[in-house]
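Trainee: The structure's right below; bear with me while I get my questions together.
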Amino acid sequence: MPRSISIVTVSYDTFFFVRLLVEKVREFLGPRSYELIVVDRGSRDGTREWLSAQPDVRVVAAKPNRRGHGHGQAAELGVRQAHYDHIVLLDSDAHPIESKWLELAVDRLDEHHRLAGGIFHGMHKANRHGWYIHPHFMAFHKADLAGNIILQKVPGQDLDTGEASTIRLLDAGLGVLGYPLEFCARFAVGHPHFPTVTAGVFHAWYGTRLGKDARTVGEETNGAVTDTNYLEPLQARLRQSYGLDY
């Protein structure tokens with residue numbers, strides 16, 4: 001039997017995307033035991049009410065944080081609540097689109113390979129490797145949390161969520177299974193580099209950040225990503241493709 005897994009995500013006013021994540025996880029899960037843990041940071045858009053009505057979802061309340069990042073801290077809270085030994089962390093604006101997504105990631109973990117997911121290339125000074133597993137899709141052993149797996153921001157270091165974990169494992173000579181991010185032409189709208197797909201997992205990128213910090217998103221993308229030229233047409237494409245009524 002495929003190994004049992006705890007799937008963890010973090011939500012904050014992300015009803016459309018987190019509902020889609022839950023529904024697609026169910027569709028592409030296969031015959032295995034699982035649990036879905038959603039750490040909610042104070043949603044007020046109906047997300048929490050819908051999640052609470054789902055029999056296979058456990059909602060964990062996190063202290064509302066409407067300023068700053070906080071994603072890694074909330075993710076760690078969810079992982080600590082997990083019942084199973086193998087963790088799959090997904091961003092709320094990501095979801096599986098192929099049945100192979102778990103076979104390529106969590107099912108390939110072993111004593112040597114401690115982390116798997118999508119590769120993001122970055123040039124942070126504290127990361128001499130130049131790449132890391134991005135937290136929109138990463139699988140790891142729960143036992144490694146607070147050891148080689150660090151999801152919170154490291155004080156004093158310019159590192160993204162998931163980056164410290166990759167560095168620690170690589171520096172320890174342990175295995176990291178990384179898959180390239182590829183442009184997802186199926187849902188292409190408004191930007192030449194995203195949304196993306198990696199190892200069977202779709203990621204909207206900025207899909208949930210726009211509602212929290214549109215100004216920073218605009219600065220990071222030179223105005224290429226806004227509600228009107230990216231988020232709204234992307235949601236319309238997803239609705240049409242999947243036949244969604246929400």
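We label chains A, B, ... in the order they appear in the structure tokens, count residues from 1 in each chain, and number ligands from 1 in the order shown.
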Using DSSP on the backbone coordinates, identify the residues of range 2-52 of chain A assigned to helix (DSSP H, G or I); present them as a list of chain:residue names.

Mentor: A:Phe15, A:Phe16, A:Phe17, A:Val18, A:Arg19, A:Leu20, A:Leu21, A:Val22, A:Glu23, A:Lys24, A:Val25, A:Arg26, A:Glu27, A:Thr47, A:Arg48, A:Glu49, A:Trp50, A:Leu51, A:Ser52

Trainee: Using only C-alpha atoms, please write the residues we just selected to a file, as a PDB file, in the first residue's frame.

Mentor:
ATOM      1  CA  PHE A  15     -11.532  30.364  -0.367  1.00  0.00           C
ATOM      2  CA  PHE A  16     -11.325  29.793  -4.133  1.00  0.00           C
ATOM      3  CA  PHE A  17      -7.856  28.291  -4.139  1.00  0.00           C
ATOM      4  CA  VAL A  18      -7.996  26.285  -0.926  1.00  0.00           C
ATOM      5  CA  ARG A  19     -11.318  24.700  -1.924  1.00  0.00           C
ATOM      6  CA  LEU A  20      -9.800  23.793  -5.276  1.00  0.00           C
ATOM      7  CA  LEU A  21      -6.775  22.310  -3.486  1.00  0.00           C
ATOM      8  CA  VAL A  22      -8.991  20.103  -1.308  1.00  0.00           C
ATOM      9  CA  GLU A  23     -11.065  18.891  -4.241  1.00  0.00           C
ATOM     10  CA  LYS A  24      -8.041  18.127  -6.429  1.00  0.00           C
ATOM     11  CA  VAL A  25      -6.208  16.366  -3.604  1.00  0.00           C
ATOM     12  CA  ARG A  26      -9.191  14.043  -3.291  1.00  0.00           C
ATOM     13  CA  GLU A  27      -9.218  13.461  -7.045  1.00  0.00           C
ATOM     14  CA  THR A  47     -12.915  29.704   3.931  1.00  0.00           C
ATOM     15  CA  ARG A  48     -13.033  28.454   7.491  1.00  0.00           C
ATOM     16  CA  GLU A  49     -16.758  27.703   7.425  1.00  0.00           C
ATOM     17  CA  TRP A  50     -16.447  25.615   4.250  1.00  0.00           C
ATOM     18  CA  LEU A  51     -13.387  23.761   5.504  1.00  0.00           C
ATOM     19  CA  SER A  52     -15.035  22.971   8.827  1.00  0.00           C
TER      20      SER A  52
END

Trainee: As a list in words, please: the residues near Phe187 in chain A (cut-off 10 Å, only C-alpha atoms, same-chain neighbours under 3 positions excluded).

Mentor: Phe183, Cys184, Gly190, Phe194, Pro195, Thr196, Phe202, Ala204, Pro233, Leu234, Gln235, Ala236, Arg237, Leu238 and Ser241 of chain A

Trainee: Export N, CA, C and O atoms of the chosen residues as an mmCIF file, in the first residue's frame?

Mentor:
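Final output, result34.cif:
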data_model
loop_
_atom_site.group_PDB
_atom_site.id
_atom_site.type_symbol
_atom_site.label_atom_id
_atom_site.label_comp_id
_atom_site.auth_asym_id
_atom_site.auth_seq_id
_atom_site.Cartn_x
_atom_site.Cartn_y
_atom_site.Cartn_z
ATOM 1 N N PHE A 183 6.583 26.080 -17.176
ATOM 2 C CA PHE A 183 5.450 26.943 -17.471
ATOM 3 C C PHE A 183 4.233 26.089 -17.796
ATOM 4 O O PHE A 183 4.317 25.133 -18.563
ATOM 5 N N CYS A 184 3.102 26.416 -17.181
ATOM 6 C CA CYS A 184 1.869 25.644 -17.365
ATOM 7 C C CYS A 184 1.011 26.314 -18.436
ATOM 8 O O CYS A 184 0.188 27.189 -18.134
ATOM 9 N N GLY A 190 -1.572 36.142 -18.863
ATOM 10 C CA GLY A 190 -0.975 37.388 -18.412
ATOM 11 C C GLY A 190 0.481 37.429 -18.007
ATOM 12 O O GLY A 190 0.971 38.481 -17.635
ATOM 13 N N PHE A 194 4.716 32.193 -15.344
ATOM 14 C CA PHE A 194 3.833 31.452 -14.463
ATOM 15 C C PHE A 194 2.394 31.732 -14.862
ATOM 16 O O PHE A 194 2.123 32.716 -15.562
ATOM 17 N N PRO A 195 1.488 30.816 -14.457
ATOM 18 C CA PRO A 195 1.628 29.744 -13.469
ATOM 19 C C PRO A 195 2.561 28.628 -13.939
ATOM 20 O O PRO A 195 2.939 28.575 -15.098
ATOM 21 N N THR A 196 2.900 27.729 -12.993
ATOM 22 C CA THR A 196 3.838 26.657 -13.293
ATOM 23 C C THR A 196 3.263 25.309 -12.885
ATOM 24 O O THR A 196 2.261 25.212 -12.186
ATOM 25 N N PHE A 202 0.341 21.931 -9.809
ATOM 26 C CA PHE A 202 0.156 23.275 -10.350
ATOM 27 C C PHE A 202 0.334 24.306 -9.246
ATOM 28 O O PHE A 202 -0.054 24.084 -8.104
ATOM 29 N N ALA A 204 -0.214 28.598 -8.773
ATOM 30 C CA ALA A 204 -0.647 29.844 -9.398
ATOM 31 C C ALA A 204 0.421 30.927 -9.306
ATOM 32 O O ALA A 204 0.551 31.738 -10.216
ATOM 33 N N PRO A 233 -8.444 36.553 -14.641
ATOM 34 C CA PRO A 233 -8.484 35.641 -15.795
ATOM 35 C C PRO A 233 -8.004 34.234 -15.472
ATOM 36 O O PRO A 233 -8.481 33.265 -16.065
ATOM 37 N N LEU A 234 -7.081 34.112 -14.516
ATOM 38 C CA LEU A 234 -6.628 32.777 -14.119
ATOM 39 C C LEU A 234 -7.760 32.009 -13.452
ATOM 40 O O LEU A 234 -8.002 30.836 -13.763
ATOM 41 N N GLN A 235 -8.472 32.646 -12.536
ATOM 42 C CA GLN A 235 -9.590 31.984 -11.890
ATOM 43 C C GLN A 235 -10.675 31.626 -12.905
ATOM 44 O O GLN A 235 -11.275 30.548 -12.824
ATOM 45 N N ALA A 236 -10.902 32.498 -13.877
ATOM 46 C CA ALA A 236 -11.896 32.203 -14.909
ATOM 47 C C ALA A 236 -11.471 30.995 -15.730
ATOM 48 O O ALA A 236 -12.294 30.136 -16.075
ATOM 49 N N ARG A 237 -10.172 30.891 -16.040
ATOM 50 C CA ARG A 237 -9.664 29.738 -16.806
ATOM 51 C C ARG A 237 -9.807 28.452 -16.003
ATOM 52 O O ARG A 237 -10.175 27.405 -16.554
ATOM 53 N N LEU A 238 -9.504 28.518 -14.718
ATOM 54 C CA LEU A 238 -9.645 27.339 -13.864
ATOM 55 C C LEU A 238 -11.108 26.917 -13.737
ATOM 56 O O LEU A 238 -11.420 25.723 -13.796
ATOM 57 N N SER A 241 -12.111 25.279 -17.090
ATOM 58 C CA SER A 241 -11.451 24.002 -17.316
ATOM 59 C C SER A 241 -11.980 22.900 -16.411
ATOM 60 O O SER A 241 -12.181 21.761 -16.846
#

Trainee: If DSSP is run on the backbone, what residues of range 156-238 of chain A are strand (DSSP E or B)? A reply as JSON, numbers by chain would be ideal.

Mentor: {"A": [175, 176, 177, 178, 179, 182, 183, 196, 197, 198, 201, 202, 203]}

Trainee: Within 10 Å of range 212-226 of chain A, counting only C-alpha atoms, which residues show up once you throw out same-chain ones fewer than 2 positions away? Write them as a count of residues only, please.

Mentor: 21

Trainee: With a distance cut-off of 12 Å and only C-alpha atoms, select the neighbouring residues of Lys153 in chain A, excluding the residue or stretch itself and same-chain residues fewer than 3 positions from it, and output the selection as a list in words.

Mentor: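 The filter keeps Gly68, His69, Gly70, His71, Gly72, Gln73, Ala74, Ala75, Glu76, Ile149, Ile150, Gly156, Gln157, Asp158, Leu159, Asp160, Thr161, Gly162, Glu163, Ala164 and Ser165 of chain A.
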
Trainee: Output C-alpha atoms for every residue in that selection, as a compact mmCIF listing (two decimals), in the first residue's frame.

Mentor:
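Full text of result.txt as output:
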# COMPACT_ATOMS: atom_id res chain seq x y z
CA GLY A 68 4.23 40.25 7.59
CA HIS A 69 4.79 36.78 6.16
CA GLY A 70 4.15 34.20 8.88
CA HIS A 71 3.62 31.37 6.40
CA GLY A 72 6.48 29.23 7.65
CA GLN A 73 5.48 29.58 11.29
CA ALA A 74 1.90 28.58 10.46
CA ALA A 75 3.12 25.66 8.34
CA GLU A 76 5.21 24.36 11.23
CA ILE A 149 13.56 20.81 8.21
CA ILE A 150 13.09 24.48 9.09
CA GLY A 156 19.32 37.35 10.39
CA GLN A 157 19.44 35.36 7.14
CA ASP A 158 18.02 36.30 3.75
CA LEU A 159 16.39 32.94 3.11
CA ASP A 160 12.94 31.96 1.88
CA THR A 161 10.65 29.36 3.46
CA GLY A 162 12.07 25.94 2.64
CA GLU A 163 15.49 27.29 1.75
CA ALA A 164 17.12 26.63 5.12
CA SER A 165 15.86 23.03 4.96

Trainee: Env of Leu89 in chain A: 8 Å cut, atoms = only C-alpha atoms, seq-sep filter 6 positions within chain, self excluded. Answer as a PyMOL selection string.

Mentor: chain A and resi 7-9+75+135-139

Trainee: Take the residues from that selection and put them in a file with N, CA, C and O atoms, as a PDB file, in the first residue's frame.

Mentor:
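As written to disk, part_16.pdb reads:
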ATOM      1  N   ILE A   7      -1.290  15.984   4.674  1.00  0.00           N
ATOM      2  CA  ILE A   7      -1.173  17.098   3.743  1.00  0.00           C
ATOM      3  C   ILE A   7      -1.489  18.375   4.504  1.00  0.00           C
ATOM      4  O   ILE A   7      -2.539  18.489   5.146  1.00  0.00           O
ATOM      5  N   VAL A   8      -0.566  19.329   4.449  1.00  0.00           N
ATOM      6  CA  VAL A   8      -0.682  20.552   5.231  1.00  0.00           C
ATOM      7  C   VAL A   8      -0.684  21.759   4.301  1.00  0.00           C
ATOM      8  O   VAL A   8       0.120  21.834   3.361  1.00  0.00           O
ATOM      9  N   THR A   9      -1.583  22.689   4.563  1.00  0.00           N
ATOM     10  CA  THR A   9      -1.556  23.966   3.853  1.00  0.00           C
ATOM     11  C   THR A   9      -1.956  25.070   4.816  1.00  0.00           C
ATOM     12  O   THR A   9      -2.482  24.816   5.895  1.00  0.00           O
ATOM     13  N   ALA A  75       2.890  26.992   8.903  1.00  0.00           N
ATOM     14  CA  ALA A  75       3.119  25.659   8.342  1.00  0.00           C
ATOM     15  C   ALA A  75       3.688  24.708   9.391  1.00  0.00           C
ATOM     16  O   ALA A  75       3.279  23.547   9.489  1.00  0.00           O
ATOM     17  N   PRO A 135       8.384  25.943  -0.950  1.00  0.00           N
ATOM     18  CA  PRO A 135       7.338  25.388  -0.088  1.00  0.00           C
ATOM     19  C   PRO A 135       5.961  25.266  -0.728  1.00  0.00           C
ATOM     20  O   PRO A 135       5.036  24.787  -0.072  1.00  0.00           O
ATOM     21  N   HIS A 136       5.806  25.681  -1.986  1.00  0.00           N
ATOM     22  CA  HIS A 136       4.485  25.469  -2.595  1.00  0.00           C
ATOM     23  C   HIS A 136       4.214  23.991  -2.784  1.00  0.00           C
ATOM     24  O   HIS A 136       3.056  23.571  -2.870  1.00  0.00           O
ATOM     25  N   PHE A 137       5.298  23.172  -2.825  1.00  0.00           N
ATOM     26  CA  PHE A 137       5.154  21.716  -2.897  1.00  0.00           C
ATOM     27  C   PHE A 137       6.428  21.090  -2.377  1.00  0.00           C
ATOM     28  O   PHE A 137       7.448  21.091  -3.056  1.00  0.00           O
ATOM     29  N   MET A 138       6.368  20.588  -1.166  1.00  0.00           N
ATOM     30  CA  MET A 138       7.528  19.910  -0.604  1.00  0.00           C
ATOM     31  C   MET A 138       7.067  18.767   0.291  1.00  0.00           C
ATOM     32  O   MET A 138       6.078  18.879   1.017  1.00  0.00           O
ATOM     33  N   ALA A 139       7.768  17.647   0.193  1.00  0.00           N
ATOM     34  CA  ALA A 139       7.461  16.461   0.983  1.00  0.00           C
ATOM     35  C   ALA A 139       8.667  16.122   1.846  1.00  0.00           C
ATOM     36  O   ALA A 139       9.810  16.209   1.382  1.00  0.00           O
TER      37      ALA A 139
END

Trainee: If we count only C-alpha atoms and set the cut-off at 12 Å, which residues sit around Arg80 in chain A, ignoring sequence neighbours fewer than 3 positions away in its own chain? Please answer as an mmCIF file with N, CA, C and O atoms, in the first residue's frame.

Mentor:
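Resulting contents of around.cif:
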data_model
loop_
_atom_site.group_PDB
_atom_site.id
_atom_site.type_symbol
_atom_site.label_atom_id
_atom_site.label_comp_id
_atom_site.auth_asym_id
_atom_site.auth_seq_id
_atom_site.Cartn_x
_atom_site.Cartn_y
_atom_site.Cartn_z
ATOM 1 N N SER A 6 0.180 13.108 5.695
ATOM 2 C CA SER A 6 -0.512 14.283 6.213
ATOM 3 C C SER A 6 -0.235 15.430 5.248
ATOM 4 O O SER A 6 0.921 15.781 5.009
ATOM 5 N N ILE A 7 -1.290 15.984 4.674
ATOM 6 C CA ILE A 7 -1.173 17.098 3.743
ATOM 7 C C ILE A 7 -1.489 18.375 4.504
ATOM 8 O O ILE A 7 -2.539 18.489 5.146
ATOM 9 N N VAL A 8 -0.566 19.329 4.449
ATOM 10 C CA VAL A 8 -0.682 20.552 5.231
ATOM 11 C C VAL A 8 -0.684 21.759 4.301
ATOM 12 O O VAL A 8 0.120 21.834 3.361
ATOM 13 N N ILE A 37 -4.761 18.929 6.709
ATOM 14 C CA ILE A 37 -4.686 19.903 7.791
ATOM 15 C C ILE A 37 -4.564 21.284 7.177
ATOM 16 O O ILE A 37 -3.637 21.546 6.391
ATOM 17 N N VAL A 39 -4.161 25.162 8.222
ATOM 18 C CA VAL A 39 -3.906 26.147 9.266
ATOM 19 C C VAL A 39 -4.476 27.473 8.785
ATOM 20 O O VAL A 39 -3.995 28.049 7.805
ATOM 21 N N VAL A 60 -6.886 24.014 11.814
ATOM 22 C CA VAL A 60 -6.098 24.447 12.960
ATOM 23 C C VAL A 60 -6.067 25.972 12.949
ATOM 24 O O VAL A 60 -5.683 26.580 11.945
ATOM 25 N N GLN A 73 5.877 29.842 9.913
ATOM 26 C CA GLN A 73 5.478 29.581 11.288
ATOM 27 C C GLN A 73 4.150 28.833 11.334
ATOM 28 O O GLN A 73 3.981 27.879 12.092
ATOM 29 N N ALA A 74 3.196 29.259 10.505
ATOM 30 C CA ALA A 74 1.897 28.584 10.458
ATOM 31 C C ALA A 74 2.040 27.167 9.910
ATOM 32 O O ALA A 74 1.378 26.238 10.385
ATOM 33 N N ALA A 75 2.890 26.992 8.903
ATOM 34 C CA ALA A 75 3.119 25.659 8.342
ATOM 35 C C ALA A 75 3.688 24.708 9.391
ATOM 36 O O ALA A 75 3.279 23.547 9.489
ATOM 37 N N GLU A 76 4.634 25.190 10.182
ATOM 38 C CA GLU A 76 5.206 24.357 11.234
ATOM 39 C C GLU A 76 4.146 23.971 12.266
ATOM 40 O O GLU A 76 4.144 22.844 12.773
ATOM 41 N N LEU A 77 3.246 24.887 12.570
ATOM 42 C CA LEU A 77 2.151 24.577 13.487
ATOM 43 C C LEU A 77 1.321 23.422 12.948
ATOM 44 O O LEU A 77 0.962 22.491 13.688
ATOM 45 N N HIS A 83 -0.741 13.546 12.159
ATOM 46 C CA HIS A 83 -0.794 12.204 12.730
ATOM 47 C C HIS A 83 0.150 11.233 12.028
ATOM 48 O O HIS A 83 0.514 10.205 12.608
ATOM 49 N N TYR A 84 0.518 11.532 10.788
ATOM 50 C CA TYR A 84 1.330 10.597 10.014
ATOM 51 C C TYR A 84 2.781 11.065 9.933
ATOM 52 O O TYR A 84 3.099 12.239 10.174
ATOM 53 N N ASP A 85 3.651 10.132 9.570
ATOM 54 C CA ASP A 85 5.090 10.387 9.577
ATOM 55 C C ASP A 85 5.589 11.106 8.325
ATOM 56 O O ASP A 85 6.703 11.631 8.329
ATOM 57 N N HIS A 86 4.790 11.089 7.270
ATOM 58 C CA HIS A 86 5.225 11.707 6.019
ATOM 59 C C HIS A 86 4.330 12.904 5.701
ATOM 60 O O HIS A 86 3.104 12.783 5.685
ATOM 61 N N ILE A 87 4.977 14.031 5.447
ATOM 62 C CA ILE A 87 4.290 15.302 5.286
ATOM 63 C C ILE A 87 4.371 15.776 3.841
ATOM 64 O O ILE A 87 5.431 15.698 3.210
ATOM 65 N N HIS A 141 9.981 14.104 5.946
ATOM 66 C CA HIS A 141 9.680 13.300 7.132
ATOM 67 C C HIS A 141 9.329 14.227 8.297
ATOM 68 O O HIS A 141 10.078 15.158 8.594
ATOM 69 N N LYS A 142 8.241 13.953 8.972
ATOM 70 C CA LYS A 142 7.865 14.770 10.121
ATOM 71 C C LYS A 142 8.957 14.769 11.183
ATOM 72 O O LYS A 142 9.180 15.783 11.864
ATOM 73 N N ALA A 143 9.659 13.661 11.327
ATOM 74 C CA ALA A 143 10.703 13.553 12.351
ATOM 75 C C ALA A 143 11.817 14.569 12.158
ATOM 76 O O ALA A 143 12.559 14.873 13.103
ATOM 77 N N ASP A 144 11.951 15.104 10.952
ATOM 78 C CA ASP A 144 13.023 16.061 10.673
ATOM 79 C C ASP A 144 12.653 17.493 11.031
ATOM 80 O O ASP A 144 13.497 18.391 10.966
ATOM 81 N N LEU A 145 11.377 17.743 11.374
ATOM 82 C CA LEU A 145 10.965 19.096 11.711
ATOM 83 C C LEU A 145 11.748 19.605 12.920
ATOM 84 O O LEU A 145 11.915 18.891 13.910
ATOM 85 N N ALA A 146 12.226 20.829 12.805
ATOM 86 C CA ALA A 146 13.036 21.498 13.827
ATOM 87 C C ALA A 146 14.452 20.953 13.881
ATOM 88 O O ALA A 146 15.265 21.404 14.703
ATOM 89 N N LEU A 151 10.970 25.500 8.534
ATOM 90 C CA LEU A 151 10.034 26.211 7.665
ATOM 91 C C LEU A 151 9.930 27.693 8.017
ATOM 92 O O LEU A 151 9.601 28.508 7.168
#

Trainee: Could you tell me which of A:Val10, A:Leu109, A:Ile119, A:Ile5 comes closest to Pro64 in chain A if we count only C-alpha atoms?

Mentor: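 Checking each candidate against Pro64 in chain A, we get A:Val10 as the closest.
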
Trainee: Find, counting only C-alpha atoms, the residue in A:Gly200, A:Gly130, A:Gly211, A:Pro2 that gets nearest to Ile167 in chain A.

Mentor: A:Gly130

Trainee: Quote the spacing between CA of Ala62 in chain A and CA of Val88 in chain A in Å to one decimal place.

Mentor: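 Between CA of Ala62 in chain A and CA of Val88 in chain A the gap works out to 19.1 Å.
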
Trainee: Please determine, counting only C-alpha atoms, which residue among A:His129, A:Phe140, A:Pro55, A:Gly118 has the shortest atom-to-atom distance to Asp171 in chain A.

Mentor: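 When distances to Asp171 in chain A are compared using only C-alpha atoms, the smallest one comes from A:His129.
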
Trainee: Select, from A:Leu170, A:Thr198, A:Asp91, A:Asp227, the residue with the minimum atom-to-atom distance to Arg114 in chain A, counting only C-alpha atoms.

Mentor: A:Leu170
